[in-house]
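These notes are about the structure you will find just below.
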Amino acid sequence: MEEQKIEHHNLQSAECNAALLPVRDALEVLNGRWRLPILITLSSGPKRFKQISKEVAGITDKMLSKELKALEENKLLTRKVYDTFPPMVEYTPTEHSKTLTNVIFALKEWGDLHRKEIIGK
């Protein structure tokens with residue numbers, strides 16, 4: 001009986017350890033307060049830098065530029081430069097970014113639940 005408990009505990013521990021790496025990877029990619037709001041803004045379609053800046057309230061241009069680069073490096077958006085004067089740059093969500101839809105909805109639902117728990121509304 002004791003052996004079974006130890007074996008069951010080790011299985012749970014191994015499953016927990018196996019879950020840690022992908023969760024850390026996900027948190028690293030979605031790190032910070034700006035990346036998900038940027039992706040949510042882009043979910044309605046391609047946008048230019050200033051459009052994103054206006055829709056993501058509170059973000060500075062410097063921070064937006066940094067976060068857009070990180071999202072592009074992680075293949076969550078593409079950056080297209082048009083040959084115009086002045087140059088026009090457009091950011092578009094990738095197919096890979098659309099795999100975050102369920103994650104975003106789950107976070108929204110949990111956020112609503114958490115607000116009710118903490119604020120009581």
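We name chains A, B, ... following the order of the structure tokens; residues begin at 1 in each chain, and ligands are numbered from 1 as shown.
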Next item on the list: Name all residues at most 10 Å from stretch 24-40 of chain A (count only C-alpha atoms; drop same-chain ones fewer than 5 positions away) and give them as an MDAnalysis selection string.
Entry: chainID A and resid 19 45 52:53 55:59 63:64 67:68 70:71 73:74 76:77 92:94 97:98 100:101 104
Residue selection dump (N, CA and C atoms) as a short mmCIF file (atom, residue, chain, number, x, y, z; two decimals), in the first residue's frame:
```
data_model
loop_
_atom_site.label_atom_id
_atom_site.label_comp_id
_atom_site.auth_asym_id
_atom_site.auth_seq_id
_atom_site.Cartn_x
_atom_site.Cartn_y
_atom_site.Cartn_z
N ALA A 19 4.96 19.46 -17.21
CA ALA A 19 4.12 20.62 -17.53
C ALA A 19 4.86 21.94 -17.33
N GLY A 45 -7.77 42.25 -37.22
CA GLY A 45 -7.17 42.44 -38.54
C GLY A 45 -5.91 43.28 -38.49
N ILE A 52 -2.43 50.68 -33.38
CA ILE A 52 -2.20 49.80 -32.23
C ILE A 52 -1.94 50.65 -30.99
N SER A 53 -1.12 51.69 -31.14
CA SER A 53 -0.78 52.57 -30.02
C SER A 53 -2.02 53.21 -29.40
N GLU A 55 -5.15 51.97 -29.55
CA GLU A 55 -6.05 50.96 -29.01
C GLU A 55 -5.51 50.29 -27.74
N VAL A 56 -4.20 50.28 -27.57
CA VAL A 56 -3.60 49.71 -26.37
C VAL A 56 -3.26 50.88 -25.44
N ALA A 57 -4.24 51.29 -24.67
CA ALA A 57 -4.12 52.47 -23.82
C ALA A 57 -2.97 52.33 -22.82
N GLY A 58 -2.16 53.41 -22.76
CA GLY A 58 -1.10 53.47 -21.76
C GLY A 58 0.27 53.01 -22.23
N ILE A 59 0.36 52.38 -23.39
CA ILE A 59 1.65 51.90 -23.87
C ILE A 59 2.41 53.04 -24.55
N MET A 63 7.90 51.17 -25.95
CA MET A 63 7.51 49.84 -25.46
C MET A 63 6.74 49.07 -26.55
N LEU A 64 5.87 49.75 -27.28
CA LEU A 64 5.13 49.10 -28.35
C LEU A 64 6.09 48.55 -29.40
N GLU A 67 7.77 45.43 -28.00
CA GLU A 67 6.86 44.28 -27.91
C GLU A 67 6.49 43.75 -29.29
N LEU A 68 6.32 44.63 -30.27
CA LEU A 68 6.03 44.18 -31.63
C LEU A 68 7.18 43.34 -32.18
N ALA A 70 9.30 41.56 -30.39
CA ALA A 70 9.30 40.28 -29.68
C ALA A 70 8.20 39.36 -30.22
N LEU A 71 7.04 39.91 -30.49
CA LEU A 71 5.94 39.11 -31.04
C LEU A 71 6.27 38.61 -32.45
N GLU A 73 9.37 38.01 -33.53
CA GLU A 73 10.38 36.97 -33.32
C GLU A 73 9.74 35.64 -32.93
N ASN A 74 8.64 35.71 -32.22
CA ASN A 74 7.94 34.50 -31.78
C ASN A 74 6.86 34.05 -32.76
N LEU A 76 4.21 35.43 -33.94
CA LEU A 76 2.82 35.71 -33.59
C LEU A 76 2.24 36.85 -34.43
N LEU A 77 3.11 37.58 -35.11
CA LEU A 77 2.65 38.60 -36.04
C LEU A 77 3.69 38.77 -37.14
N THR A 92 0.24 42.25 -38.85
CA THR A 92 -0.84 41.28 -39.07
C THR A 92 -0.63 40.07 -38.18
N PRO A 93 -1.69 39.60 -37.54
CA PRO A 93 -1.54 38.37 -36.75
C PRO A 93 -1.27 37.18 -37.66
N THR A 94 -0.49 36.24 -37.20
CA THR A 94 -0.20 35.03 -37.97
C THR A 94 -1.22 33.94 -37.64
N SER A 97 -0.67 32.78 -34.17
CA SER A 97 -1.25 33.60 -33.10
C SER A 97 -2.70 33.22 -32.82
N LYS A 98 -3.38 32.72 -33.86
CA LYS A 98 -4.78 32.34 -33.68
C LYS A 98 -4.94 31.13 -32.76
N LEU A 100 -3.88 31.02 -29.93
CA LEU A 100 -4.02 31.58 -28.58
C LEU A 100 -5.46 31.95 -28.24
N THR A 101 -6.36 31.83 -29.18
CA THR A 101 -7.75 32.24 -28.96
C THR A 101 -8.34 31.60 -27.70
N ILE A 104 -6.77 33.04 -24.54
CA ILE A 104 -7.26 34.39 -24.25
C ILE A 104 -8.67 34.34 -23.65
#
```
Notebook entry, point to check: So which residues touch A:Val89 within 7 Å, counting only C-alpha atoms, skipping near sequence neighbours fewer than 5 positions away, as a ChimeraX atom specification?
Noted result: /A:48,79-82
Could you pull out the helix (DSSP H, G or I) residues of stretch 17-88 of chain A, going by DSSP on the backbone, and write them as an mmCIF file with C-alpha atoms, in the first residue's frame?
```cif
data_model
loop_
_atom_site.group_PDB
_atom_site.id
_atom_site.type_symbol
_atom_site.label_atom_id
_atom_site.label_comp_id
_atom_site.auth_asym_id
_atom_site.auth_seq_id
_atom_site.Cartn_x
_atom_site.Cartn_y
_atom_site.Cartn_z
ATOM 1 C CA ASN A 17 7.664 18.590 -14.046
ATOM 2 C CA ALA A 18 6.675 17.777 -17.633
ATOM 3 C CA ALA A 19 4.121 20.619 -17.528
ATOM 4 C CA LEU A 20 6.559 23.195 -16.164
ATOM 5 C CA LEU A 21 8.721 23.645 -19.272
ATOM 6 C CA PRO A 22 5.915 24.345 -21.765
ATOM 7 C CA VAL A 23 4.179 26.642 -19.245
ATOM 8 C CA ARG A 24 7.429 28.557 -18.737
ATOM 9 C CA ASP A 25 7.847 28.805 -22.513
ATOM 10 C CA ALA A 26 4.308 30.158 -22.894
ATOM 11 C CA LEU A 27 4.755 32.673 -20.091
ATOM 12 C CA GLU A 28 8.040 33.857 -21.591
ATOM 13 C CA VAL A 29 6.388 34.500 -24.965
ATOM 14 C CA ARG A 35 1.722 41.409 -25.456
ATOM 15 C CA LEU A 36 -1.744 39.921 -25.014
ATOM 16 C CA PRO A 37 -3.489 43.311 -25.398
ATOM 17 C CA ILE A 38 -1.494 43.886 -28.602
ATOM 18 C CA LEU A 39 -2.514 40.468 -29.934
ATOM 19 C CA ILE A 40 -6.141 41.058 -28.945
ATOM 20 C CA THR A 41 -6.063 44.403 -30.801
ATOM 21 C CA LEU A 42 -4.633 42.702 -33.885
ATOM 22 C CA PHE A 49 1.671 51.233 -35.512
ATOM 23 C CA LYS A 50 -0.331 54.318 -34.499
ATOM 24 C CA GLN A 51 -3.615 52.382 -34.630
ATOM 25 C CA ILE A 52 -2.204 49.802 -32.228
ATOM 26 C CA SER A 53 -0.777 52.573 -30.025
ATOM 27 C CA LYS A 54 -4.209 54.221 -29.732
ATOM 28 C CA GLU A 55 -6.046 50.960 -29.007
ATOM 29 C CA ASP A 61 5.791 54.059 -28.546
ATOM 30 C CA LYS A 62 9.148 52.714 -27.346
ATOM 31 C CA MET A 63 7.505 49.842 -25.462
ATOM 32 C CA LEU A 64 5.129 49.102 -28.346
ATOM 33 C CA SER A 65 8.053 48.893 -30.749
ATOM 34 C CA LYS A 66 9.908 46.527 -28.410
ATOM 35 C CA GLU A 67 6.860 44.285 -27.910
ATOM 36 C CA LEU A 68 6.028 44.178 -31.633
ATOM 37 C CA LYS A 69 9.579 42.988 -32.342
ATOM 38 C CA ALA A 70 9.295 40.276 -29.680
ATOM 39 C CA LEU A 71 5.936 39.113 -31.039
ATOM 40 C CA GLU A 72 7.382 39.015 -34.548
ATOM 41 C CA GLU A 73 10.382 36.968 -33.323
#
```
Next item on the list: Quote the spacing between atom CA of A:Cys16 and atom CA of A:Ala106 in Å to one decimal place.
Entry: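 Here the two named atoms are 20.5 Å from each other.
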